[in-house]
$ cat upload_1.txt   # compact mmCIF, C-alpha atoms
# COMPACT_ATOMS: atom_id res chain seq x y z
CA MET H 10 140.49 -24.68 -25.03
CA THR H 11 141.84 -21.84 -22.88
CA THR H 12 143.42 -20.17 -25.91
CA LEU H 13 139.92 -19.66 -27.37
CA ILE H 14 138.34 -18.21 -24.22
CA HIS H 15 139.04 -14.67 -23.08
CA PRO H 16 140.35 -14.60 -19.51
CA THR H 17 137.56 -12.23 -18.39
CA ALA H 18 134.78 -14.60 -19.50
CA VAL H 19 132.80 -16.15 -16.64
CA ILE H 20 132.00 -19.79 -17.41
CA HIS H 21 130.42 -22.15 -14.90
CA PRO H 22 132.63 -25.23 -14.40
CA ARG H 23 129.74 -27.55 -15.29
CA ALA H 24 128.92 -25.80 -18.57
CA GLU H 25 129.69 -28.02 -21.56
CA LEU H 26 131.61 -26.28 -24.34
CA HIS H 27 133.18 -28.07 -27.27
CA PRO H 28 136.95 -27.44 -27.34
CA THR H 29 136.60 -25.37 -30.53
CA VAL H 30 134.11 -22.88 -29.03
CA GLN H 31 135.36 -19.29 -28.84
CA VAL H 32 134.21 -16.99 -26.04
CA GLY H 33 134.78 -13.23 -25.98
CA ALA H 34 135.56 -10.85 -23.15
CA TYR H 35 133.13 -10.62 -20.21
CA ALA H 36 130.75 -13.20 -21.64
CA VAL H 37 128.80 -15.15 -19.01
CA ILE H 38 127.87 -18.83 -19.48
CA GLY H 39 125.70 -20.64 -16.95
CA GLU H 40 125.78 -24.08 -15.40
CA ARG H 41 123.35 -25.92 -17.70
CA VAL H 42 124.54 -24.49 -21.01
CA LYS H 43 125.85 -26.76 -23.78
CA VAL H 44 127.57 -25.31 -26.87
CA GLY H 45 128.60 -27.24 -29.99
CA ALA H 46 131.69 -27.21 -32.17
CA GLY H 47 132.86 -24.05 -33.87
CA THR H 48 130.35 -21.70 -32.24
CA VAL H 49 131.64 -18.19 -31.54
CA ILE H 50 130.24 -16.28 -28.55
CA GLY H 51 130.86 -12.53 -28.62
CA HIS H 52 131.90 -10.31 -25.77
CA HIS H 53 129.33 -9.49 -23.07
CA ALA H 54 126.95 -12.18 -24.32
CA VAL H 55 124.95 -14.05 -21.65
CA LEU H 56 123.95 -17.72 -22.02
CA ASP H 57 122.01 -19.15 -19.10
CA GLY H 58 119.35 -21.65 -18.10
CA LEU H 59 118.91 -25.05 -19.71
CA THR H 60 120.23 -23.97 -23.10
CA GLU H 61 121.57 -26.22 -25.87
CA ILE H 62 123.33 -24.60 -28.83
CA GLY H 63 124.58 -26.51 -31.85
CA ALA H 64 127.57 -26.09 -34.13
CA ARG H 65 129.01 -23.13 -36.04
CA ASN H 66 126.69 -20.50 -34.62
CA GLN H 67 127.80 -16.87 -34.52
CA ILE H 68 126.53 -15.15 -31.38
CA PHE H 69 127.34 -11.45 -31.41
CA PRO H 70 128.09 -9.10 -28.49
CA GLY H 71 125.38 -8.46 -25.93
CA ALA H 72 123.05 -11.31 -26.95
CA ALA H 73 121.08 -12.81 -24.04
CA ILE H 74 119.96 -16.42 -24.53
CA GLY H 75 118.15 -18.77 -22.17
CA LEU H 76 117.08 -16.30 -19.51
CA GLU H 77 113.73 -16.65 -17.75
CA PRO H 78 110.58 -16.04 -19.81
CA GLN H 79 108.83 -12.69 -19.46
CA ASP H 80 105.59 -14.39 -18.48
CA ARG H 81 103.60 -13.92 -15.26
CA LYS H 82 102.77 -17.64 -15.35
CA TYR H 83 106.40 -18.67 -15.00
CA ASP H 84 106.96 -20.46 -11.69
CA GLY H 85 110.68 -21.20 -11.89
CA SER H 86 110.25 -24.53 -13.69
CA LEU H 87 113.12 -26.06 -15.64
CA SER H 88 112.38 -25.10 -19.25
CA LEU H 89 114.61 -24.96 -22.31
CA VAL H 90 116.07 -23.09 -25.24
CA THR H 91 117.37 -25.23 -28.10
CA ILE H 92 119.30 -23.75 -31.02
CA GLY H 93 120.48 -25.70 -34.06
CA ASP H 94 123.46 -25.13 -36.34
CA ASP H 95 124.82 -22.30 -38.49
CA ASN H 96 122.68 -19.50 -37.05
CA THR H 97 123.72 -15.86 -36.96
CA ILE H 98 122.46 -14.15 -33.81
CA ARG H 99 123.35 -10.48 -33.94
CA GLU H 100 123.91 -7.83 -31.29
CA TYR H 101 121.52 -7.71 -28.31
CA VAL H 102 119.17 -10.41 -29.55
CA THR H 103 117.16 -11.89 -26.67
CA ILE H 104 115.85 -15.46 -26.74
CA ASN H 105 113.84 -16.45 -23.65
CA ARG H 106 113.31 -20.01 -22.54
CA ALA H 107 109.82 -21.56 -22.37
CA THR H 108 107.30 -21.06 -19.58
CA HIS H 109 106.46 -24.53 -18.26
CA HIS H 110 108.56 -27.50 -17.21
CA GLY H 111 109.98 -29.46 -20.13
CA GLU H 112 108.78 -26.99 -22.77
CA ALA H 113 111.20 -25.36 -25.19
CA THR H 114 111.81 -22.25 -27.22
CA VAL H 115 113.27 -23.61 -30.46
CA ILE H 116 115.54 -22.05 -33.08
CA GLY H 117 116.36 -24.30 -36.06
CA ASN H 118 119.26 -24.01 -38.50
CA SER H 119 120.79 -21.29 -40.69
CA ASN H 120 118.62 -18.44 -39.40
CA LEU H 121 119.61 -14.78 -39.41
CA LEU H 122 118.33 -12.89 -36.37
CA MET H 123 119.40 -9.27 -36.75
CA SER H 124 120.16 -6.84 -33.93
CA TYR H 125 117.67 -6.32 -31.08
CA VAL H 126 115.31 -9.10 -32.20
CA HIS H 127 113.28 -10.52 -29.29
CA ILE H 128 112.16 -14.16 -29.37
CA ALA H 129 109.75 -14.78 -26.49
CA HIS H 130 108.94 -17.97 -24.60
CA ASN H 131 107.77 -21.04 -26.51
CA CYS H 132 108.43 -19.58 -29.95
CA VAL H 133 109.52 -21.89 -32.76
CA ILE H 134 111.71 -20.54 -35.56
CA GLU H 135 112.32 -23.20 -38.20
CA ASP H 136 115.18 -22.97 -40.74
CA GLN H 137 116.69 -20.31 -43.02
CA THR H 138 114.48 -17.47 -41.82
CA THR H 139 115.52 -13.82 -41.88
CA ILE H 140 114.19 -11.67 -39.02
CA ALA H 141 115.23 -8.04 -39.32
CA SER H 142 116.32 -5.67 -36.57
CA SER H 143 114.05 -4.69 -33.68
CA THR H 144 111.36 -7.23 -34.51
CA VAL H 145 109.60 -8.47 -31.37
CA MET H 146 107.57 -11.64 -30.92
CA GLY H 147 105.08 -12.58 -28.25
CA GLY H 148 105.00 -16.08 -26.82
CA HIS H 149 104.17 -19.19 -28.87
CA VAL H 150 104.82 -17.59 -32.28
CA TRP H 151 105.70 -20.15 -34.97
CA VAL H 152 107.77 -19.05 -37.98
CA GLU H 153 108.14 -21.59 -40.78
CA SER H 154 111.25 -22.04 -42.89
CA LYS H 155 112.53 -19.34 -45.26
CA ALA H 156 110.09 -16.70 -44.03
CA THR H 157 111.31 -13.09 -43.97
CA ILE H 158 110.14 -10.54 -41.39
CA GLY H 159 110.89 -6.85 -41.93
CA GLY H 160 112.44 -4.68 -39.26
CA ALA H 161 110.57 -3.21 -36.29
CA SER H 162 107.63 -5.56 -36.75
CA ALA H 163 105.56 -6.71 -33.79
CA ILE H 164 104.17 -10.25 -33.88
CA HIS H 165 101.24 -11.08 -31.57
CA GLN H 166 101.44 -14.21 -29.43
CA PHE H 167 100.28 -17.49 -31.01
CA VAL H 168 100.59 -16.13 -34.56
CA HIS H 169 101.73 -18.63 -37.20
CA ILE H 170 103.85 -17.33 -40.09
CA GLY H 171 104.00 -19.56 -43.17
CA ARG H 172 107.08 -20.65 -45.05
CA LEU H 173 108.49 -18.49 -47.83
CA SER H 174 106.24 -15.60 -46.78
CA MET H 175 107.45 -12.03 -46.37
CA ILE H 176 106.27 -9.38 -43.91
CA GLY H 177 107.14 -5.75 -44.63
CA GLY H 178 108.89 -3.55 -42.10
CA MET H 179 107.12 -1.85 -39.17
CA ASN H 180 104.08 -4.10 -39.39
CA ARG H 181 101.72 -5.15 -36.60
CA ILE H 182 100.84 -8.79 -37.16
CA VAL H 183 97.92 -10.10 -35.11
CA HIS H 184 96.72 -12.90 -37.44
CA ASP H 185 98.36 -15.83 -39.21
CA VAL H 186 100.38 -15.06 -42.36
CA PRO H 187 99.84 -17.72 -45.08
CA PRO H 188 102.79 -19.34 -46.84
CA TYR H 189 104.25 -17.83 -50.03
CA LEU H 190 102.52 -14.45 -49.66
CA LEU H 191 103.71 -10.88 -49.11
CA VAL H 192 102.08 -8.95 -46.27
CA GLU H 193 102.58 -5.25 -45.61
CA GLY H 194 100.82 -1.96 -44.93
CA ASN H 195 99.02 -0.24 -42.07
CA PRO H 196 96.94 -2.15 -41.25
CA ALA H 197 98.84 -5.15 -42.57
CA ARG H 198 97.19 -6.90 -45.51
CA VAL H 199 98.00 -9.73 -47.92
CA ARG H 200 99.20 -7.91 -51.04
CA THR H 201 100.54 -10.47 -53.51
CA LEU H 202 102.68 -13.57 -53.89
CA ASN H 203 106.17 -13.30 -52.43
CA GLN H 204 107.60 -13.60 -55.90
CA VAL H 205 111.16 -12.65 -54.94
CA GLY H 206 111.25 -15.26 -52.20
CA LEU H 207 109.77 -17.93 -54.47
CA LYS H 208 112.33 -17.19 -57.18
CA ARG H 209 115.16 -17.37 -54.67
CA ALA H 210 113.80 -20.78 -53.70
CA GLY H 211 114.15 -21.87 -57.32
CA LEU H 212 110.54 -21.44 -58.47
CA VAL H 213 110.89 -19.44 -61.69
CA ASP H 214 107.89 -17.74 -63.28
CA ASP H 215 107.22 -20.47 -65.81
CA SER H 216 107.54 -23.37 -63.38
CA HIS H 217 104.54 -25.59 -62.77
CA THR H 218 104.53 -24.88 -59.03
CA PHE H 219 104.79 -21.10 -59.46
CA GLN H 220 101.80 -21.08 -61.81
CA ILE H 221 99.72 -23.18 -59.41
CA LEU H 222 100.50 -20.83 -56.51
CA LYS H 223 99.65 -17.85 -58.70
CA LYS H 224 96.26 -19.38 -59.52
CA ALA H 225 95.68 -20.14 -55.84
CA PHE H 226 96.44 -16.55 -54.85
CA ARG H 227 94.07 -15.13 -57.46
CA LEU H 228 91.33 -17.53 -56.41
CA LEU H 229 91.70 -16.66 -52.72
CA TYR H 230 92.29 -12.91 -52.90
CA ARG H 231 91.17 -11.63 -56.31
CA SER H 232 88.17 -13.71 -57.37
CA GLY H 233 85.65 -11.92 -55.16
CA ILE H 234 84.01 -15.14 -54.01
CA PRO H 235 83.75 -15.91 -50.26
CA PHE H 236 87.08 -17.02 -48.85
CA THR H 237 85.81 -20.39 -47.59
CA ASP H 238 84.35 -21.15 -51.04
CA ALA H 239 87.65 -20.21 -52.67
CA LEU H 240 89.46 -22.46 -50.24
CA ASP H 241 87.24 -25.36 -51.26
CA GLN H 242 88.02 -24.65 -54.90
CA LEU H 243 91.73 -25.05 -54.23
CA ASP H 244 91.00 -28.78 -54.20
CA LEU H 245 90.28 -28.54 -57.94
CA LEU H 246 93.81 -27.35 -58.74
CA PRO H 247 96.49 -29.92 -59.69
CA ASP H 248 97.96 -31.73 -56.71
CA ASN H 249 101.24 -30.21 -55.58
CA GLU H 250 103.41 -30.27 -52.42
CA TYR H 251 103.40 -26.47 -52.07
CA LEU H 252 99.68 -26.17 -52.69
CA ASN H 253 98.95 -28.94 -50.19
CA HIS H 254 100.92 -27.10 -47.54
CA LEU H 255 99.03 -23.88 -48.30
CA ARG H 256 95.65 -25.63 -48.01
CA GLN H 257 96.56 -27.29 -44.71
CA PHE H 258 97.87 -24.01 -43.30
CA LEU H 259 94.74 -22.07 -44.24
CA ARG H 260 92.33 -24.63 -42.84
CA LEU H 261 94.27 -24.91 -39.59
CA SER H 262 94.31 -21.11 -39.19
CA LEU H 263 90.53 -21.01 -39.57
CA SER H 264 89.98 -23.65 -36.89
CA PRO H 265 88.62 -22.69 -33.44
CA GLY H 266 91.13 -21.29 -30.99
CA ARG H 267 93.52 -19.98 -33.62
CA ARG H 268 94.35 -16.36 -34.43
CA GLY H 269 92.67 -16.51 -37.82
CA LEU H 270 94.07 -15.31 -41.14
CA ILE H 271 95.35 -11.87 -41.99
CA PRO H 272 92.91 -10.34 -44.50
CA GLY H 273 93.57 -9.50 -48.12
CA LYS H 274 93.72 -5.99 -49.55
CA ARG H 275 90.36 -4.24 -49.52
CA ARG H 276 88.91 -2.44 -52.50
CA GLY H 277 90.34 1.07 -52.74
CA GLU H 278 93.41 0.37 -50.58
CA GLY H 279 96.81 1.09 -52.05

$ encode --input "upload_1.txt" --output "structure tokens"
Amino acid sequence: MTTLIHPTAVIHPRAELHPTVQVGAYAVIGERVKVGAGTVIGHHAVLDGLTEIGARNQIFPGAAIGLEPQDRKYDGSLSLVTIGDDNTIREYVTINRATHHGEATVIGNSNLLMSYVHIAHNCVIEDQTTIASSTVMGGHVWVESKATIGGASAIHQFVHIGRLSMIGGMNRIVHDVPPYLLVEGNPARVRTLNQVGLKRAGLVDDSHTFQILKKAFRLLYRSGIPFTDALDQLDLLPDNEYLNHLRQFLRLSLSPGRRGLIPGKRRGEG
């Protein structure tokens, strides 16, 4: 184990590191940290608090994971950060633990968090997302699997971002982003289906699912009928796993206490 840990690293004797973990120069690892097999921790990275990290993660220099939440409500309670397997966490990413006792900030598997990304308290990042450099998230943001967020975007607290959606760079996102759609502009608007993301997921243009999602998009954002009426008409489309997820997401976003949905492109907007 000592051959994989730089002699200048500061590791608490009660930290639990798998023997195959590598730790770079001047990294600091706290008492309650657990790190799984094959994870590489870069120089000057800081891992603290009740933090559990899975296998084969790449944590680059200067990342800070598991530090106290930036929340005035935090009272010193024992809260968590949990990180799955095969994530790439680039330079100076910050991932804060949750606010209240027993709560967690959660990162799933195979995510790419580029440099200077900030993941605030109680956020949930599912699997295979791509979050570009300098994106910042408020607390309680939920990002579903395979979503892509462009660089320098700011995500308001409690926003829900649907799977296989894409947000353009330098966007201010204050409402929920539905699955499978592309959002961009100033102000941010739903523009079209995230066709590139859907194709990368294996949904080619002539597939049954792609055509259903295309019809759903046109009904919701191009038909001109009231959004709630269009949502009801989605029930008339052929039953489909992807469509069911879209319907559930939209109805949940419109429920009381939620952020609501990001609007579609208005007439005359580019």

$ residues_around --input "upload_1.txt" --residues "His127 of chain H" --least-positions-apart "4" --cutoff "6 Å" --atoms "only C-alpha atoms" --output "list in words"
Val102, Thr103 and Val145 of chain H

$ residues_around --input "upload_1.txt" --residues "Ala36 of chain H" --least-positions-apart "5" --cutoff "8 Å" --atoms "only C-alpha atoms" --output "list in words"
Thr17, Ala18, Val19, Ile20, Ile50, Gly51, His52, His53, Ala54 and Val55 of chain H

$ closest_residue --input "upload_1.txt" --among "H:Leu270, H:Asp95, H:Val133, H:Ser142" --to "Glu112 of chain H" --atoms "only C-alpha atoms"
H:Val133

$ closest_residue --input "upload_1.txt" --among "H:Ile176, H:Pro70, H:Ile271, H:Leu222" --to "Asp248 of chain H" --atoms "all atoms listed in the file"
H:Leu222

$ residues_around --input "upload_1.txt" --residues "segment 155-163 of chain H" --least-positions-apart "2" --cutoff "9 Å" --atoms "only C-alpha atoms" --output "PyMOL selection string"
chain H and resi 120+123+126+135-147+152-153+165+170-183+188-189+206+210

$ atom_distance --input "upload_1.txt" --atom1 "atom CA of Val168 of chain H" --atom2 "atom CA of Val150 of chain H"
5.0 Å

$ residues_around --input "upload_1.txt" --residues "Val42 of chain H" --least-positions-apart "2" --cutoff "10 Å" --atoms "all atoms listed in the file" --output "list in words"
Ile20, His21, Arg23, Ala24, Glu25, Leu26, Ile38, Gly39, Glu40, Val44, Leu56, Asp57, Gly58, Leu59, Thr60, Glu61, Ile62, Ile74, Gly75 and Val90 of chain H

$ closest_residue --input "upload_1.txt" --among "H:Ala64, H:Ser124, H:Ile221, H:His27" --to "Asn249 of chain H" --atoms "all atoms listed in the file"
H:Ile221

$ atom_distance --input "upload_1.txt" --atom1 "atom CA of Gly117 of chain H" --atom2 "atom CA of Trp151 of chain H"
11.5 Å

$ closest_residue --input "upload_1.txt" --among "H:Ile98, H:Val49, H:Ala34, H:Leu229" --to "Leu122 of chain H" --atoms "only C-alpha atoms"
H:Ile98

$ residues_around --input "upload_1.txt" --residues "Leu87 of chain H" --least-positions-apart "5" --cutoff "10 Å" --atoms "all atoms listed in the file" --output "number ranges by chain"
H: 58-59, 77, 106-113

$ write_last_selection --input "upload_1.txt" --atoms "C-alpha atoms" --output "mmCIF file, in the frame of the given file"
data_model
loop_
_atom_site.group_PDB
_atom_site.id
_atom_site.type_symbol
_atom_site.label_atom_id
_atom_site.label_comp_id
_atom_site.auth_asym_id
_atom_site.auth_seq_id
_atom_site.Cartn_x
_atom_site.Cartn_y
_atom_site.Cartn_z
ATOM 1 C CA GLY H 58 119.350 -21.650 -18.100
ATOM 2 C CA LEU H 59 118.910 -25.050 -19.710
ATOM 3 C CA GLU H 77 113.730 -16.650 -17.750
ATOM 4 C CA ARG H 106 113.310 -20.010 -22.540
ATOM 5 C CA ALA H 107 109.820 -21.560 -22.370
ATOM 6 C CA THR H 108 107.300 -21.060 -19.580
ATOM 7 C CA HIS H 109 106.460 -24.530 -18.260
ATOM 8 C CA HIS H 110 108.560 -27.500 -17.210
ATOM 9 C CA GLY H 111 109.980 -29.460 -20.130
ATOM 10 C CA GLU H 112 108.780 -26.990 -22.770
ATOM 11 C CA ALA H 113 111.200 -25.360 -25.190
#
